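A.B. asks: My structure is below; once you've seen it, I'll send some questions.
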Amino acid sequence: MNYVIPSNEIQRRATPDGSDPSKLHITAPFCKKLFGDARRVPLRTGDADIVVTSPPYWLKRDYGVTDQIGQEPSADAFVASLLECMENWKTILPAWGSVFINIGDTYHKGSLANTPGRLEIAAQDAGWTVRNRIIWVKDAGMPDPAKDRLKSRHEYIIHFAARRRNYYYDQFGYAEKYGNGTGPSDVWQIGLKRDMSAHLAPYPTELVERILTLACPEQVCTHCGKPRERIVRRTSQLDTSRPQAKRAMELAQEKGLTAQHIAAIQATGISDAGKAMRVQTGTGRNSATVKVLAAEAKAALGGYFREFTFAKRETVGWTDCGCGAPFRPGIVLDPFMGTGTTLRAAGDIGRSAIGVDLAQKTESERLTQRGGGD
Ligand SMILES: C[S@@+](CC[C@H](N)C(=O)[O-])C[C@H]1O[C@@H](n2cnc3c(N)ncnc32)[C@H](O)[C@@H]1O
């Protein structure tokens with residue numbers, strides 16, 4: 001059973017640099033739903049760029065479908081099923097693709113089964129890289145009558161990369177959207193919202209949007225399959241909401257420091273071990289001129305010198321593979337589609353999506369029929 005969500009549910013968006021998408025030949029996002037097993041997704045290499053999914057948790061809910069995952073006799077057998085899925089998804093993703101799995105733990109015979117930890121270890125043993133264990137902090141959850149332990153109000157989102165390096169990642173874009181511009185953390189506080197069927201959605205769209213912003217490219221070349229990557233440049237502007245930064249800007253102006261002085265500070269860094277050093281001469285050393293300018297700036301700014309090493313950065317463009325072929329939006333695959341949260345979130349931010357589920361009826365249709373949630 002294949003069908004495409006009507007195009008009025010898919011929001012189109014402008015190109016990241018604000019230019020006219022038609023000039024860049026960007027194909028429109030699509031949304032597709034397939035019926036099948038997450039262990040044998042009927043797609044070929046390059047059909048998706050990232051997997052974002054929330055599989056059934058171990059021994060939680062019986063979906064009543066043959067071959068379902070989640071009702072295995074042991075935690076290890078459950079993890080083995082998930083690993084089988086991951087090995088299949090690896091054959092679909094490009095080398096720069098990632099897998100993000102939302103997983104919660106299960107109490108079994110009074111003890112946490114540690115399914116998230118078991119999955120991480122099994123995946124590492126199979127050659128996957130565990131890049132992040134994001135803690136999703138929830139402000140509410142299912143009622144829990146236990147009086148001898150705390151209620152569980154968190155789950156994990158584990159970022160697996162098939163390779164250690166070179167996976168697509170836009171931390172700058174993520175920080176601009178969800179953080180304060182620097183160093184976003186692996187703790188995400190996202191409340192549970194009511195979904196269309198008035199039940200507490202188990203898997204908020206914001207969670208998916210964050211992941212896609214981080215690791216699903218906005219544009220991919222339809223010819224060579226390379227994603228366009230953000231090009232970021234450091235400016236000479238500081239965040240003047242911080243008093244030290246404001247004073248540093250004032251001092252720089254009072255002492256007549258030039259843009260070359262600021263560039264020299266940034267090239268030198270706080271110490272001579274500054275990582276930007278090598279760009280100055282290509283020899284691993286700063287040029288004599290840069291050293292002189294940096295020394296002048298240090299004399300003028302004193303302790304405020306270091307403020308300019310934290311200058312704001314800005315997007316100046318996007319890489320272009322040079323093929324001249326049209327670009328397409330990044331494609332997310334959710335092999336445990338359920339109600340289709342991932343697909344909706346993808347459409348909201350202009351990505352294409354493919355959902356797969358064993359059940360012919362979607363989760364929301366089942367919930368509506370039953371007239372209630374879990
Ligand atoms: C926890 S739900 C997904 C929740 C989803 N994130 C959402 O927003 O609704 C899990 C889904 O996995 C499906 N499922 C279970 N075993 C499966 C398998 N082997 N292959 C594909 N889908 C499966 C179930 O039918 C169910 O719809």
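Starting from 1 in every chain, residues are counted up; chains themselves are A, B, ... following the order of the structure tokens, and ligands are numbered from 1 as listed.
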Can you work out which residues are within 7 Å of ligand 1, considering only C-alpha atoms and all ligand atoms, and then hand them over as a ChimeraX atom specification?

C.D. replies: /A:36-39,53-57,63,65,67-70,201-203,335-342,356-359,362-363

A.B. asks: Please dump the current selection as a CSV table (one decimal), in the first residue's frame; keep N, CA, C and O atoms.

C.D. replies:
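Writing done, so here's part-v9.csv:
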```csv
chain,number,residue,atom,x,y,z
A,36,GLY,N,5.4,-2.3,5.5
A,36,GLY,CA,6.5,-3.3,5.5
A,36,GLY,C,7.2,-3.4,6.9
A,36,GLY,O,6.8,-2.7,7.8
A,37,ASP,N,8.1,-4.3,6.9
A,37,ASP,CA,8.9,-4.6,8.1
A,37,ASP,C,10.1,-3.7,8.2
A,37,ASP,O,10.9,-3.5,7.2
A,38,ALA,N,10.4,-3.1,9.4
A,38,ALA,CA,11.5,-2.2,9.6
A,38,ALA,C,12.8,-2.9,9.4
A,38,ALA,O,13.9,-2.3,9.2
A,39,ARG,N,12.8,-4.2,9.4
A,39,ARG,CA,14.1,-5.0,9.2
A,39,ARG,C,14.4,-5.2,7.7
A,39,ARG,O,15.5,-5.5,7.3
A,53,THR,N,13.6,7.7,14.3
A,53,THR,CA,12.5,6.8,14.6
A,53,THR,C,12.3,6.6,16.0
A,53,THR,O,13.2,6.8,16.8
A,54,SER,N,11.1,6.2,16.4
A,54,SER,CA,10.7,5.8,17.8
A,54,SER,C,10.2,4.4,17.7
A,54,SER,O,9.0,4.3,17.5
A,55,PRO,N,11.0,3.4,17.9
A,55,PRO,CA,10.5,2.0,17.8
A,55,PRO,C,9.6,1.7,19.0
A,55,PRO,O,9.7,2.4,20.0
A,56,PRO,N,8.9,0.6,18.9
A,56,PRO,CA,8.2,0.2,20.2
A,56,PRO,C,9.3,-0.1,21.2
A,56,PRO,O,10.4,-0.6,20.9
A,57,TYR,N,9.0,0.2,22.5
A,57,TYR,CA,9.9,-0.1,23.6
A,57,TYR,C,9.7,-1.5,24.0
A,57,TYR,O,8.6,-2.0,23.8
A,63,TYR,N,1.3,-4.3,19.7
A,63,TYR,CA,0.6,-3.6,18.6
A,63,TYR,C,-0.3,-4.7,17.8
A,63,TYR,O,-1.0,-4.3,16.9
A,65,VAL,N,0.4,-7.0,15.7
A,65,VAL,CA,0.7,-7.3,14.3
A,65,VAL,C,1.8,-8.3,14.2
A,65,VAL,O,2.7,-8.3,15.0
A,67,ASP,N,5.0,-10.3,13.3
A,67,ASP,CA,6.4,-9.8,13.1
A,67,ASP,C,6.8,-8.5,13.9
A,67,ASP,O,7.8,-7.9,13.6
A,68,GLN,N,5.9,-8.1,14.7
A,68,GLN,CA,6.2,-6.8,15.4
A,68,GLN,C,7.4,-6.9,16.3
A,68,GLN,O,7.7,-8.0,16.8
A,69,ILE,N,8.1,-5.8,16.5
A,69,ILE,CA,9.2,-5.7,17.4
A,69,ILE,C,8.7,-5.2,18.7
A,69,ILE,O,7.8,-4.3,18.7
A,70,GLY,N,9.3,-5.6,19.8
A,70,GLY,CA,9.0,-5.1,21.1
A,70,GLY,C,8.5,-6.1,22.1
A,70,GLY,O,8.4,-5.9,23.3
A,201,ALA,N,0.7,13.2,22.6
A,201,ALA,CA,1.5,12.6,21.5
A,201,ALA,C,2.8,12.0,22.2
A,201,ALA,O,3.4,12.7,23.0
A,202,PRO,N,3.1,10.8,21.9
A,202,PRO,CA,4.3,10.2,22.6
A,202,PRO,C,5.6,10.7,22.1
A,202,PRO,O,6.6,10.5,22.8
A,203,TYR,N,5.6,11.5,21.1
A,203,TYR,CA,6.8,11.8,20.3
A,203,TYR,C,6.6,13.1,19.7
A,203,TYR,O,6.1,13.3,18.6
A,335,PRO,N,11.1,4.1,9.9
A,335,PRO,CA,10.7,2.8,9.7
A,335,PRO,C,9.7,2.2,10.7
A,335,PRO,O,9.2,1.1,10.5
A,336,PHE,N,9.4,3.0,11.8
A,336,PHE,CA,8.4,2.7,12.7
A,336,PHE,C,7.4,3.9,12.8
A,336,PHE,O,7.3,4.6,13.8
A,337,MET,N,6.7,4.1,11.7
A,337,MET,CA,6.0,5.4,11.4
A,337,MET,C,5.0,5.7,12.5
A,337,MET,O,4.8,6.9,12.8
A,338,GLY,N,4.2,4.7,12.9
A,338,GLY,CA,3.1,5.0,13.9
A,338,GLY,C,2.2,6.1,13.3
A,338,GLY,O,1.7,6.0,12.2
A,339,THR,N,1.9,7.1,14.1
A,339,THR,CA,1.0,8.2,13.7
A,339,THR,C,1.6,9.1,12.7
A,339,THR,O,0.9,10.0,12.2
A,340,GLY,N,2.9,8.9,12.4
A,340,GLY,CA,3.5,9.8,11.4
A,340,GLY,C,4.0,11.1,11.9
A,340,GLY,O,4.2,12.1,11.1
A,341,THR,N,4.4,11.2,13.2
A,341,THR,CA,5.0,12.4,13.7
A,341,THR,C,6.2,12.9,12.9
A,341,THR,O,6.4,14.0,12.6
A,342,THR,N,7.1,11.9,12.6
A,342,THR,CA,8.3,12.3,11.9
A,342,THR,C,8.0,12.9,10.5
A,342,THR,O,8.6,13.9,10.1
A,356,VAL,N,7.4,4.0,7.2
A,356,VAL,CA,7.2,2.5,7.0
A,356,VAL,C,6.6,2.0,8.3
A,356,VAL,O,7.0,2.4,9.4
A,357,ASP,N,5.6,1.2,8.2
A,357,ASP,CA,5.0,0.5,9.3
A,357,ASP,C,4.4,-0.8,8.9
A,357,ASP,O,4.0,-1.0,7.8
A,358,LEU,N,4.6,-1.7,9.9
A,358,LEU,CA,4.0,-3.1,9.6
A,358,LEU,C,2.5,-3.0,9.6
A,358,LEU,O,1.9,-3.8,8.8
A,359,ALA,N,1.9,-2.2,10.4
A,359,ALA,CA,0.5,-2.1,10.5
A,359,ALA,C,-0.1,-1.4,9.3
A,359,ALA,O,0.4,-0.3,9.0
A,362,THR,N,-2.7,3.2,10.3
A,362,THR,CA,-1.8,4.0,11.1
A,362,THR,C,-2.2,4.0,12.5
A,362,THR,O,-3.3,3.7,12.9
A,363,GLU,N,-1.2,4.4,13.4
A,363,GLU,CA,-1.5,4.4,14.8
A,363,GLU,C,-2.6,5.3,15.2
A,363,GLU,O,-3.5,5.0,16.0
```

A.B. asks: What lies within 12 Å of Ala77 of chain A using only C-alpha atoms, ignoring chain neighbours under 4 positions off, as a list in words?

C.D. replies: Trp58, Leu59, Ile69, Gly70, Gln71, Glu72, Pro73, Ser81, Leu82, Leu83, Glu84, Thr115, Arg118, Leu119 and Ala122 of chain A

A.B. asks: Skip Tyr167 of chain A itself and residues of its chain fewer than 3 positions away, then list as a VMD selection string all residues within 12 Å of it, counting only C-alpha atoms.

C.D. replies: chain A and resid 49 to 50 93 to 99 129 131 159 to 164 170 to 171 214 to 217 226 to 227 229

A.B. asks: Next, dump the selected residues to file, keeping only C-alpha atoms, as a PDB file, in the first residue's frame.

C.D. replies:
```pdb
ATOM      1  CA  ASP A  49      19.492  10.529   3.988  1.00  0.00           C
ATOM      2  CA  ILE A  50      18.726   9.956   7.660  1.00  0.00           C
ATOM      3  CA  LEU A  93      21.707   5.618   3.848  1.00  0.00           C
ATOM      4  CA  PRO A  94      24.635   7.434   2.233  1.00  0.00           C
ATOM      5  CA  ALA A  95      28.023   7.277   3.964  1.00  0.00           C
ATOM      6  CA  TRP A  96      27.292  10.654   5.594  1.00  0.00           C
ATOM      7  CA  GLY A  97      23.898   9.540   6.964  1.00  0.00           C
ATOM      8  CA  SER A  98      22.905   9.136  10.599  1.00  0.00           C
ATOM      9  CA  VAL A  99      20.390   7.132  12.606  1.00  0.00           C
ATOM     10  CA  THR A 129      29.653   4.988  16.365  1.00  0.00           C
ATOM     11  CA  ARG A 131      27.909  10.074  18.842  1.00  0.00           C
ATOM     12  CA  HIS A 159      22.679   9.369  17.600  1.00  0.00           C
ATOM     13  CA  PHE A 160      24.409   6.569  15.713  1.00  0.00           C
ATOM     14  CA  ALA A 161      26.735   7.271  12.809  1.00  0.00           C
ATOM     15  CA  ALA A 162      27.769   4.527  10.450  1.00  0.00           C
ATOM     16  CA  ARG A 163      31.147   6.283  10.320  1.00  0.00           C
ATOM     17  CA  ARG A 164      33.110   8.057  13.003  1.00  0.00           C
ATOM     18  CA  ASP A 170      24.751  21.565  11.134  1.00  0.00           C
ATOM     19  CA  GLN A 171      25.437  22.502  14.725  1.00  0.00           C
ATOM     20  CA  LEU A 214      21.052  19.014  13.120  1.00  0.00           C
ATOM     21  CA  ALA A 215      21.546  16.150  10.726  1.00  0.00           C
ATOM     22  CA  CYS A 216      19.219  16.211   7.700  1.00  0.00           C
ATOM     23  CA  PRO A 217      20.510  18.515   4.946  1.00  0.00           C
ATOM     24  CA  LYS A 226      26.352  15.455  -1.861  1.00  0.00           C
ATOM     25  CA  PRO A 227      24.611  17.618   0.728  1.00  0.00           C
ATOM     26  CA  GLU A 229      26.942  22.421   3.838  1.00  0.00           C
TER      27      GLU A 229
END
```

A.B. asks: Identify which of the residues A:Ala175, A:Leu301, A:Val187, A:Met249 lies closest to Ile134 of chain A, counting only C-alpha atoms when measuring atom-to-atom distances.

C.D. replies: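 Answer, going by the shortest atom-to-atom distance: A:Val187.
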
A.B. asks: Considering only C-alpha atoms, return as a list in words whatever protein or nucleic-acid residues lie within 6 Å of segment 101-114 of chain A, sequence-local ones (same chain, fewer than 2 positions apart) excluded.

C.D. replies: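 So, after excluding close chain neighbours, the residues are Thr53, Ser54, Pro116, Gly117, Glu155, Tyr156, Ile157 and Ile158 of chain A.
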
A.B. asks: Restricting the calculation to only C-alpha atoms: of A:Ile92, A:Leu43, A:Ala263, A:Ala248, which residue gets closest to Arg234 of chain A?

C.D. replies: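 For Arg234 of chain A, the nearest of the candidates is A:Ala263.
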
A.B. asks: Report as number ranges by chain all protein, DNA and RNA residues lying within 8 Å of Pro204 of chain A, evaluated on only C-alpha atoms, omitting residues in the same chain fewer than 5 positions from it.

C.D. replies: A: 190-193, 341

A.B. asks: Could you go through segment 64-245 of chain A and tell me which residues DSSP, when run on the backbone, assigns to strand (DSSP E), listing them as number ranges by chain?

C.D. replies: A: 98-103, 107-108, 111-112, 129-137, 154-161, 187-189, 220-221, 230-234

A.B. asks: May I have all residues of segment 8-98 of chain A that DSSP, computed from the backbone, assigns to alpha helix (DSSP H), given as a short mmCIF file (atom, residue, chain, number, x, y, z; two decimals) with N, CA and C atoms, in the first residue's frame?

C.D. replies:
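To be explicit, this is the file written out as part.cif:
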```
data_model
loop_
_atom_site.label_atom_id
_atom_site.label_comp_id
_atom_site.auth_asym_id
_atom_site.auth_seq_id
_atom_site.Cartn_x
_atom_site.Cartn_y
_atom_site.Cartn_z
N PRO A 21 14.07 29.89 -4.80
CA PRO A 21 14.33 28.46 -5.00
C PRO A 21 14.26 28.04 -6.46
N SER A 22 13.38 28.68 -7.24
CA SER A 22 13.23 28.25 -8.64
C SER A 22 14.52 28.46 -9.41
N LYS A 23 15.30 29.48 -8.98
CA LYS A 23 16.56 29.75 -9.69
C LYS A 23 17.57 28.64 -9.41
N LEU A 24 17.45 28.01 -8.24
CA LEU A 24 18.40 26.95 -7.89
C LEU A 24 17.89 25.57 -8.27
N ALA A 75 15.54 -8.84 26.83
CA ALA A 75 16.00 -7.52 26.41
C ALA A 75 17.03 -7.66 25.29
N ASP A 76 17.88 -8.68 25.39
CA ASP A 76 18.91 -8.86 24.36
C ASP A 76 18.30 -9.25 23.01
N ALA A 77 17.22 -10.06 23.06
CA ALA A 77 16.56 -10.43 21.80
C ALA A 77 15.91 -9.18 21.17
N PHE A 78 15.37 -8.31 22.02
CA PHE A 78 14.79 -7.05 21.54
C PHE A 78 15.85 -6.19 20.84
N VAL A 79 17.00 -6.08 21.52
CA VAL A 79 18.11 -5.29 20.96
C VAL A 79 18.59 -5.91 19.64
N ALA A 80 18.62 -7.23 19.59
CA ALA A 80 19.06 -7.90 18.35
C ALA A 80 18.11 -7.56 17.20
N SER A 81 16.81 -7.47 17.50
CA SER A 81 15.85 -7.08 16.45
C SER A 81 16.15 -5.66 15.95
N LEU A 82 16.42 -4.75 16.90
CA LEU A 82 16.70 -3.36 16.50
C LEU A 82 17.98 -3.28 15.68
N LEU A 83 18.96 -4.09 16.08
CA LEU A 83 20.23 -4.06 15.36
C LEU A 83 20.06 -4.59 13.93
N GLU A 84 19.21 -5.58 13.80
CA GLU A 84 18.93 -6.11 12.46
C GLU A 84 18.34 -5.00 11.59
N CYS A 85 17.46 -4.21 12.19
CA CYS A 85 16.89 -3.06 11.46
C CYS A 85 18.00 -2.09 11.06
N MET A 86 18.86 -1.76 12.02
CA MET A 86 19.91 -0.76 11.74
C MET A 86 20.82 -1.21 10.61
N GLU A 87 21.13 -2.49 10.59
CA GLU A 87 22.01 -3.00 9.51
C GLU A 87 21.31 -2.84 8.16
N ASN A 88 19.99 -3.03 8.14
CA ASN A 88 19.24 -2.82 6.91
C ASN A 88 19.23 -1.33 6.52
N TRP A 89 19.03 -0.45 7.48
CA TRP A 89 18.97 0.99 7.18
C TRP A 89 20.33 1.49 6.66
N LYS A 90 21.39 0.87 7.16
CA LYS A 90 22.74 1.28 6.71
C LYS A 90 22.88 1.09 5.20
N THR A 91 22.21 0.09 4.66
CA THR A 91 22.33 -0.16 3.22
C THR A 91 21.57 0.90 2.41
N ILE A 92 20.66 1.63 3.07
CA ILE A 92 19.86 2.64 2.37
C ILE A 92 20.52 4.02 2.47
#
```
